[in-house]
Amino acid sequence: MLSVALRTLRARWVVFVGSFVALALGVALIAVMGLSLASSLNAPDGKPERFAAAPVVVKGADTLRVPTSIGVRVHRLAQPRAVPAGAVAKLKKLGTVVEDRSFAVRARGGPGDLVGHPWSTAAFAPYEIDAGRAPRAADEVVVSGDWAKPGERVRTDRGTVRVVGTVRVAGTGRGGATGRTGATDRVGATGQVGGAVARHGFENAVFYVDERAAALSPRSVQLVVDADAAAVREAVRGSTGVQVLTGDARRYADADPDRDGEALTAMNALFGTAGGVTGFVSVFVVASTFAFAVAQRRREFGLLRTAGAPPGQIRRMVLAEALVVGVLASATGCVLGAYGAPRMAARMVDGGLAPGWFTIGDATWPYHLAFWTGLCVALCGVVAASWRAGRTAPVQALGEASVDTGAMTRGRRLSGLALLATAAVTLVLALVGDPGELLHRKTYVSRPMLLITAFALLAPVVVRPLTRLIAWLPAQLPGAGGMLVRENAAAGVRRTAAIAAPVLVTVALAGSLLGATATLNEAKADETRRQTAADFVVTPASGAGFDAATLRGLREVSGAEVSATASSAVYVLEDGVSLAKSEARAADPGPLAATTRLPVEAGRTSDLDDDSIIVNREWQRHTVGQRVRVWLGDGTRKSLRIAAVMTTGTGDNGVYVTPRNAPGATADRVDVALAAGADAHAVAAALRAAVHSSGGQILTKDQWVRASRPGTNRTTRLGLLLVLGIALLYTGISLADTMVMATSDRVRDLAVLRLAGATRWQVLRLVGAEALTVVTVGGVLGLLVTGLNLLGMWSALALLSAPTTVEIPWTAVGAVLGACAVTAVVWSVIPAALALRRRAVELAGVRE
């Protein structure tokens, strides 16, 4: 069988090119993913950055630890606690204590991620003066990098300051970089990283004199102590949650100590999603290609059966062909993976999706995983085709008809109906049980695959009537061209279904994935619009929130009802073992009711007080009047009464508490409703005057809704583009291969048209028109899958009290269909044109 299979591959190599390329690319991607995962498992331990030269760092409690029956549950606090005053007094007796502060700064012409610190903390990085001098007055600053020069005056949201010096991290050279981003900045001193000015080191810092920094950021949650570590630990003994950090543990005092781990997790999730889609589409392409090849070779198999070959021998021959293709493609894919993985890693680092130190290691298990996965995909994709080949009857060696019969087998019909029923049942169960599950990315990425496979299996049932419907109007035009296109496409059910299948996959994935994110974003925007009753929304210029003076000025504006709210969090233990975090807004109940329309389904917003909380239906306990044990944003344990219950919505409906139950939270949004008879222009002018010194922004309701409209984050967007790119690539491969096979199989039909009087260009136009018709069939089926998937999401949003309109990404779908159409036409017309270079009489005599 192996020798027969090798001869078949040599004689019919065109049949197997598409499967070979698809498998090789799939194996290469799996190898790249495996190598990336292996490299991320061997990630180096993080090193301290801001406090690399600090003797000891003492950090207030920043995590909540709750013991349960299955162990301690841990969550990071929304508002970390400061080191207790008693502990600070003891530490000052041991040595010098420096309070650390960090706060956002916005400067005209500066990077978008500027952060302010006291000058006394600069020595702990250690920073050293690169030019100029240290700050001495409240309006003087020192900056890192070269976005500002000594002597320049810079306007910031913290007031206009004069730059008196620049700093660099010691040991990096002028303008160099340090920390985990590598020894030198990858993009140069003023390059761009994600639209922001590149960092000179690990941050873009602005240093103020200590007194000015304390005024701008009064709260300090960590200290640097110049004393013996053992003595420091003894001094803070008994202070709950206080951490003493030395050595490499000092990195936990940096602004984002977990960023490398989070970046690796996001990267691996991205590759995992891409790998799942790659596996699915690979099996789909291989199965579709082999099924069409078996259908084309039924006369060949019939002859073998007539010569005495048993069904098992035919099946083994087809499996042997797949085995040879799988081995060669998998080996090629491993080579491509070894070549592409380092380059992919470099691109991920340059794009900010992976840490600067990330490189590909020398692990070998990813190659084994990729090779054997590719081989399994090849064999799994051909199982159904080999079974069908074995059932070929000897009498089929005499078949000459062009009309496909028996394209829809019982097994295919049952499999398609089973998958369709599975998709319907799981959708209904999700809608009845947990509609919010349908809004999760992992769900709306995987669910389309069920419907895609079901529709591809059932395609032969609808191909003929759908083709006749699509080609009905062209068939009414003068001449026989339209009629021939309709009848040829409708007669060749297997050919049409095989060509339409990859188009179905790509259109359905593009429509479902991009449509799901667009629909969900539209639902969130609609939710924000419905819940905003304020006429104006005031936002701070920086992430630090409003200071007390600005809030007093806003509340004194005549003709305005002002509601200042702060971001916080509330933690609750569910089922006794799961510590869940809910985003919270802290607000005074009276102004909140006047400026916000909460989606309350039970209770009243005005019932909120210092002893109560407003929750949503996602909470395990959500009955008005019940008491729930919670932990506030700073870890304080408290029992609160449920004052009202909100609908779940898109998942952004958090909880509401009073400011007293959000200790440490700073107001970061002010909603303003006009009093009866108040002049909107006068109120807006008064609001602008109140925030003039701090640089806040005044937005109307419509402007606020537009500004807060959610967008797809960068990692998710890249993941979706990667998935769609893979699908489109595989579609191009499958279309090209199938069109070449289909056109070469119709050489005699084209010759008959020539003998009947058709010119060469008429025949080529006919071939191109048939390709466009078949692509349209696949596009219609893909849009049907898209519609069904988005209908499920729309139903879930309606059940969650977040009704919205379905958003279909017509531009993306049109681009995908256009690419499929161009590919299909090119790869059908070119083989036909090459074949028609021979005389029609010679072509008419060609036998299979």
# chains A, B, ... in the order shown; residues from 1 in each chain; ligands from 1
>>> residues_around(residues="stretch 156-159 of chain A", least_positions_apart="4", cutoff="12 Å", atoms="only C-alpha atoms", output="ChimeraX atom specification")
/A:103-112,114-116,138-141,163,206,208,212-213,215-217,540-547,691-697
>>> residues_around(residues="stretch 568-576 of chain A", least_positions_apart="6", cutoff="6 Å", atoms="only C-alpha atoms", output="PyMOL selection string")
chain A and resi 78+582-585+630-633
>>> residues_around(residues="stretch 705-711 of chain A", least_positions_apart="5", cutoff="9 Å", atoms="only C-alpha atoms", output="list in words")
Thr517, Ala518, Asn521, Glu522, Lys524, Ala525, Asp526, Thr528, Arg529, Thr532, Leu699 and Thr700 of chain A
>>> write_last_selection(atoms="N, CA, C and O atoms", output="PDB file, in the first residue's frame")
ATOM      1  N   THR A 517     -17.505  41.343  19.335  1.00  0.00           N
ATOM      2  CA  THR A 517     -16.854  42.431  20.072  1.00  0.00           C
ATOM      3  C   THR A 517     -17.550  43.765  19.796  1.00  0.00           C
ATOM      4  O   THR A 517     -17.739  44.575  20.711  1.00  0.00           O
ATOM      5  N   ALA A 518     -17.960  44.003  18.544  1.00  0.00           N
ATOM      6  CA  ALA A 518     -18.641  45.257  18.225  1.00  0.00           C
ATOM      7  C   ALA A 518     -20.003  45.330  18.903  1.00  0.00           C
ATOM      8  O   ALA A 518     -20.391  46.385  19.431  1.00  0.00           O
ATOM      9  N   ASN A 521     -19.447  45.939  22.649  1.00  0.00           N
ATOM     10  CA  ASN A 521     -19.047  47.324  22.892  1.00  0.00           C
ATOM     11  C   ASN A 521     -20.221  48.281  22.725  1.00  0.00           C
ATOM     12  O   ASN A 521     -20.364  49.245  23.486  1.00  0.00           O
ATOM     13  N   GLU A 522     -21.073  48.009  21.748  1.00  0.00           N
ATOM     14  CA  GLU A 522     -22.258  48.846  21.548  1.00  0.00           C
ATOM     15  C   GLU A 522     -23.215  48.710  22.727  1.00  0.00           C
ATOM     16  O   GLU A 522     -23.816  49.687  23.175  1.00  0.00           O
ATOM     17  N   LYS A 524     -22.376  48.043  25.812  1.00  0.00           N
ATOM     18  CA  LYS A 524     -21.809  48.776  26.942  1.00  0.00           C
ATOM     19  C   LYS A 524     -22.001  50.282  26.776  1.00  0.00           C
ATOM     20  O   LYS A 524     -22.269  50.994  27.756  1.00  0.00           O
ATOM     21  N   ALA A 525     -21.868  50.770  25.543  1.00  0.00           N
ATOM     22  CA  ALA A 525     -22.090  52.197  25.299  1.00  0.00           C
ATOM     23  C   ALA A 525     -23.547  52.565  25.556  1.00  0.00           C
ATOM     24  O   ALA A 525     -23.846  53.606  26.161  1.00  0.00           O
ATOM     25  N   ASP A 526     -24.475  51.725  25.103  1.00  0.00           N
ATOM     26  CA  ASP A 526     -25.900  51.969  25.366  1.00  0.00           C
ATOM     27  C   ASP A 526     -26.187  51.948  26.863  1.00  0.00           C
ATOM     28  O   ASP A 526     -26.999  52.738  27.368  1.00  0.00           O
ATOM     29  N   THR A 528     -24.096  52.712  29.296  1.00  0.00           N
ATOM     30  CA  THR A 528     -23.593  53.966  29.860  1.00  0.00           C
ATOM     31  C   THR A 528     -24.551  55.112  29.577  1.00  0.00           C
ATOM     32  O   THR A 528     -24.823  55.949  30.454  1.00  0.00           O
ATOM     33  N   ARG A 529     -25.089  55.157  28.373  1.00  0.00           N
ATOM     34  CA  ARG A 529     -26.016  56.232  27.999  1.00  0.00           C
ATOM     35  C   ARG A 529     -27.290  56.180  28.842  1.00  0.00           C
ATOM     36  O   ARG A 529     -27.778  57.216  29.312  1.00  0.00           O
ATOM     37  N   THR A 532     -26.557  57.280  32.607  1.00  0.00           N
ATOM     38  CA  THR A 532     -26.068  58.634  32.862  1.00  0.00           C
ATOM     39  C   THR A 532     -27.222  59.622  32.790  1.00  0.00           C
ATOM     40  O   THR A 532     -27.769  59.877  31.720  1.00  0.00           O
ATOM     41  N   LEU A 699     -17.217  67.555  30.299  1.00  0.00           N
ATOM     42  CA  LEU A 699     -17.832  66.889  29.156  1.00  0.00           C
ATOM     43  C   LEU A 699     -19.349  66.911  29.287  1.00  0.00           C
ATOM     44  O   LEU A 699     -19.882  66.749  30.395  1.00  0.00           O
ATOM     45  N   THR A 700     -20.037  67.132  28.169  1.00  0.00           N
ATOM     46  CA  THR A 700     -21.485  66.962  28.179  1.00  0.00           C
ATOM     47  C   THR A 700     -21.806  65.465  28.235  1.00  0.00           C
ATOM     48  O   THR A 700     -20.905  64.630  28.092  1.00  0.00           O
TER      49      THR A 700
END
>>> residues_around(residues="A:Asn661", least_positions_apart="6", cutoff="9 Å", atoms="only C-alpha atoms", output="ChimeraX atom specification")
/A:586,610-611,632-633,636,638
>>> residues_around(residues="A:Arg765", least_positions_apart="5", cutoff="10 Å", atoms="only C-alpha atoms", output="list in words")
Gly481, Val485, Thr759, Arg760, Glu770, Ala771, Val825 and Val829 of chain A
>>> atom_distance(atom1="atom CA of A:Ile698", atom2="atom CA of A:Val537")
6.1 Å
>>> select_by_dssp(residues="stretch 423-651 of chain A", states="strand (DSSP E)", output="VMD selection string")
chain A and resid 536 to 539 560 to 574 578 to 586 600 to 603 612 to 616 627 to 631 637 to 646
